[in-house]
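K.L.:
There's a structure below that I have some questions on.
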Amino acid sequence: MAHLSTDNTALLARVRRLQGQLKAIERALAAGEECSTTLHLVAGVRGAVGGLMDVILQEHLRAHVAHPDLTDAERAEGAKALIDAMRRYAK
């Protein structure tokens with residue numbers, strides 16, 4: 001059920017920014033930074049992951065649920081995959 005474009009440059013850039021943000025958290029913890037500083041960094045990562053998830057969810061919906069050429073069975077399969085992913089993400 002691949003659906004992301006073959007040019008994932010923007011998504012890869014988001015993931016690389018996330019890696020940088022995670023490294024910043026690691027550095028803050030290693031340096032004994034203030035709790036508020038570290039919490040701010042963690043909140044940034046949470047927001048970035050949410051943004052990445054939003055983009056991928058939208059692509060999935062367009063390609064596997066809403067696309068006009070899909071059969072009912074394909075739509076049901078796409079919807080189930082989306083529901084499963086959202087349940088895992090919400091935990």
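The chains in the structure tokens are called A, B, ... from first to last as shown; in each chain the residues are counted from 1, and the ligands are counted from 1 in the order shown.
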Can you list, as a ChimeraX atom specification, every protein, DNA or RNA residue that comes within 7 Å of segment 75-85 of chain A when you count only C-alpha atoms, leaving out same-chain residues fewer than 4 positions away?

P.N.:
/A:64-65,70-71,89

K.L.:
May I have the residues within 12 Å of His40 of chain A as a list in words, using only C-alpha atoms and disregarding those fewer than 5 positions away in the same chain?

P.N.:
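Close residues of His40 of chain A: Gln21, Leu22, Ala24, Ile25, Ala28, Glu33, Glu34, Cys35, Val45, Arg46 and Gly47 of chain A.
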
K.L.:
Those residues you just picked out, can you put them in a file as a short mmCIF file (atom, residue, chain, number, x, y, z; two decimals), in the first residue's frame with N, CA and C atoms?

P.N.:
```
data_model
loop_
_atom_site.label_atom_id
_atom_site.label_comp_id
_atom_site.auth_asym_id
_atom_site.auth_seq_id
_atom_site.Cartn_x
_atom_site.Cartn_y
_atom_site.Cartn_z
N GLN A 21 16.44 17.84 16.74
CA GLN A 21 15.74 18.20 17.97
C GLN A 21 15.97 17.16 19.06
N LEU A 22 15.99 15.89 18.69
CA LEU A 22 16.26 14.84 19.68
C LEU A 22 17.69 14.94 20.21
N ALA A 24 19.29 17.68 20.54
CA ALA A 24 19.27 18.83 21.45
C ALA A 24 18.76 18.41 22.82
N ILE A 25 17.77 17.53 22.85
CA ILE A 25 17.27 17.01 24.13
C ILE A 25 18.37 16.22 24.83
N ALA A 28 20.85 18.58 26.28
CA ALA A 28 20.31 19.27 27.45
C ALA A 28 20.32 18.36 28.67
N GLU A 33 20.66 20.71 32.00
CA GLU A 33 19.89 21.94 31.78
C GLU A 33 18.66 21.96 32.69
N GLU A 34 18.11 23.15 32.83
CA GLU A 34 16.89 23.33 33.61
C GLU A 34 15.76 22.48 33.04
N CYS A 35 14.87 22.04 33.93
CA CYS A 35 13.71 21.24 33.50
C CYS A 35 12.89 21.98 32.46
N VAL A 45 9.63 18.60 19.86
CA VAL A 45 9.68 17.30 19.18
C VAL A 45 8.27 16.73 19.02
N ARG A 46 7.49 16.86 20.09
CA ARG A 46 6.11 16.35 20.03
C ARG A 46 5.34 17.04 18.90
N GLY A 47 5.48 18.34 18.80
CA GLY A 47 4.81 19.08 17.73
C GLY A 47 5.31 18.68 16.36
#
```

K.L.:
Residues near Arg16 of chain A, anyone? I mean within 12 Å using only C-alpha atoms, not counting same-chain ones fewer than 6 positions away, as a PyMOL selection string.

P.N.:
chain A and resi 9-10+22-23+45+48-49+52

K.L.:
If you keep N, CA and C atoms, can you produce a file of those selected residues as a PDB file, in the first residue's frame?

P.N.:
```
ATOM      1  N   THR A   9      11.604  14.234  -0.399  1.00  0.00           N
ATOM      2  CA  THR A   9      12.599  15.189   0.080  1.00  0.00           C
ATOM      3  C   THR A   9      12.089  15.976   1.280  1.00  0.00           C
ATOM      4  N   ALA A  10      10.865  16.478   1.207  1.00  0.00           N
ATOM      5  CA  ALA A  10      10.322  17.285   2.300  1.00  0.00           C
ATOM      6  C   ALA A  10      10.119  16.453   3.565  1.00  0.00           C
ATOM      7  N   LEU A  22      15.995  15.889  18.694  1.00  0.00           N
ATOM      8  CA  LEU A  22      16.259  14.840  19.675  1.00  0.00           C
ATOM      9  C   LEU A  22      17.686  14.943  20.214  1.00  0.00           C
ATOM     10  N   LYS A  23      18.614  15.266  19.345  1.00  0.00           N
ATOM     11  CA  LYS A  23      20.005  15.466  19.798  1.00  0.00           C
ATOM     12  C   LYS A  23      20.085  16.637  20.779  1.00  0.00           C
ATOM     13  N   VAL A  45       9.627  18.597  19.860  1.00  0.00           N
ATOM     14  CA  VAL A  45       9.679  17.296  19.181  1.00  0.00           C
ATOM     15  C   VAL A  45       8.273  16.730  19.025  1.00  0.00           C
ATOM     16  N   ALA A  48       6.605  18.471  16.236  1.00  0.00           N
ATOM     17  CA  ALA A  48       7.182  18.083  14.944  1.00  0.00           C
ATOM     18  C   ALA A  48       6.718  16.693  14.523  1.00  0.00           C
ATOM     19  N   VAL A  49       6.646  15.763  15.462  1.00  0.00           N
ATOM     20  CA  VAL A  49       6.157  14.421  15.156  1.00  0.00           C
ATOM     21  C   VAL A  49       4.684  14.495  14.749  1.00  0.00           C
ATOM     22  N   LEU A  52       4.496  15.711  11.176  1.00  0.00           N
ATOM     23  CA  LEU A  52       4.879  14.640  10.258  1.00  0.00           C
ATOM     24  C   LEU A  52       3.735  13.642  10.111  1.00  0.00           C
TER      25      LEU A  52
END
```

K.L.:
Can you check which residues of chain A DSSP gives as alpha helix (DSSP H) on the backbone and send them as number ranges by chain?

P.N.:
A: 9-31, 35-64, 72-90

K.L.:
Which is closer to Glu59 of chain A than all the others in A:Ala73, A:Arg14, A:Asn8, A:Lys91, using only C-alpha atoms?

P.N.:
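That would be A:Asn8, the residue with the smallest distance to Glu59 of chain A.
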
K.L.:
To one decimal in Å, tell me the separation between atom CA of Arg27 of chain A and atom CA of Leu39 of chain A.

P.N.:
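Those two atoms sit 13.0 Å apart.
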
K.L.:
So that I can see what lies close to Val55 of chain A, please list as a PyMOL selection string the residues with an atom at most 10 Å from it, counting only C-alpha atoms and leaving out residues fewer than 4 positions away in the same chain.

P.N.:
chain A and resi 4+11+50-51+59-60

K.L.:
Mind writing the picked residues with N, CA, C and O atoms as a PDB file, in the first residue's frame?

P.N.:
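Saved file result-v4.pdb follows:
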```pdb
ATOM      1  N   LEU A   4       3.240   7.242  -0.566  1.00  0.00           N
ATOM      2  CA  LEU A   4       4.026   8.462  -0.509  1.00  0.00           C
ATOM      3  C   LEU A   4       4.739   8.640  -1.834  1.00  0.00           C
ATOM      4  O   LEU A   4       5.096   7.680  -2.508  1.00  0.00           O
ATOM      5  N   LEU A  11       9.643  15.223   3.401  1.00  0.00           N
ATOM      6  CA  LEU A  11       9.458  14.358   4.570  1.00  0.00           C
ATOM      7  C   LEU A  11      10.795  13.984   5.194  1.00  0.00           C
ATOM      8  O   LEU A  11      10.939  13.968   6.419  1.00  0.00           O
ATOM      9  N   GLY A  50       3.918  15.322  15.449  1.00  0.00           N
ATOM     10  CA  GLY A  50       2.513  15.500  15.087  1.00  0.00           C
ATOM     11  C   GLY A  50       2.356  16.049  13.681  1.00  0.00           C
ATOM     12  O   GLY A  50       1.491  15.597  12.921  1.00  0.00           O
ATOM     13  N   GLY A  51       3.192  16.994  13.313  1.00  0.00           N
ATOM     14  CA  GLY A  51       3.142  17.549  11.962  1.00  0.00           C
ATOM     15  C   GLY A  51       3.487  16.519  10.907  1.00  0.00           C
ATOM     16  O   GLY A  51       2.846  16.447   9.852  1.00  0.00           O
ATOM     17  N   GLU A  59      -1.850  12.054   3.166  1.00  0.00           N
ATOM     18  CA  GLU A  59      -1.490  11.307   1.959  1.00  0.00           C
ATOM     19  C   GLU A  59      -2.194   9.953   1.930  1.00  0.00           C
ATOM     20  O   GLU A  59      -2.675   9.515   0.895  1.00  0.00           O
ATOM     21  N   HIS A  60      -2.239   9.296   3.088  1.00  0.00           N
ATOM     22  CA  HIS A  60      -2.908   7.995   3.161  1.00  0.00           C
ATOM     23  C   HIS A  60      -4.389   8.144   2.830  1.00  0.00           C
ATOM     24  O   HIS A  60      -4.938   7.358   2.050  1.00  0.00           O
TER      25      HIS A  60
END
```

K.L.:
Tell me which of A:Thr37, A:Gly44, A:Gln58, A:Asp7 sits closest to Gln19 of chain A, counting only C-alpha atoms.

P.N.:
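Result for the nearest residue to Gln19 of chain A: A:Gly44.
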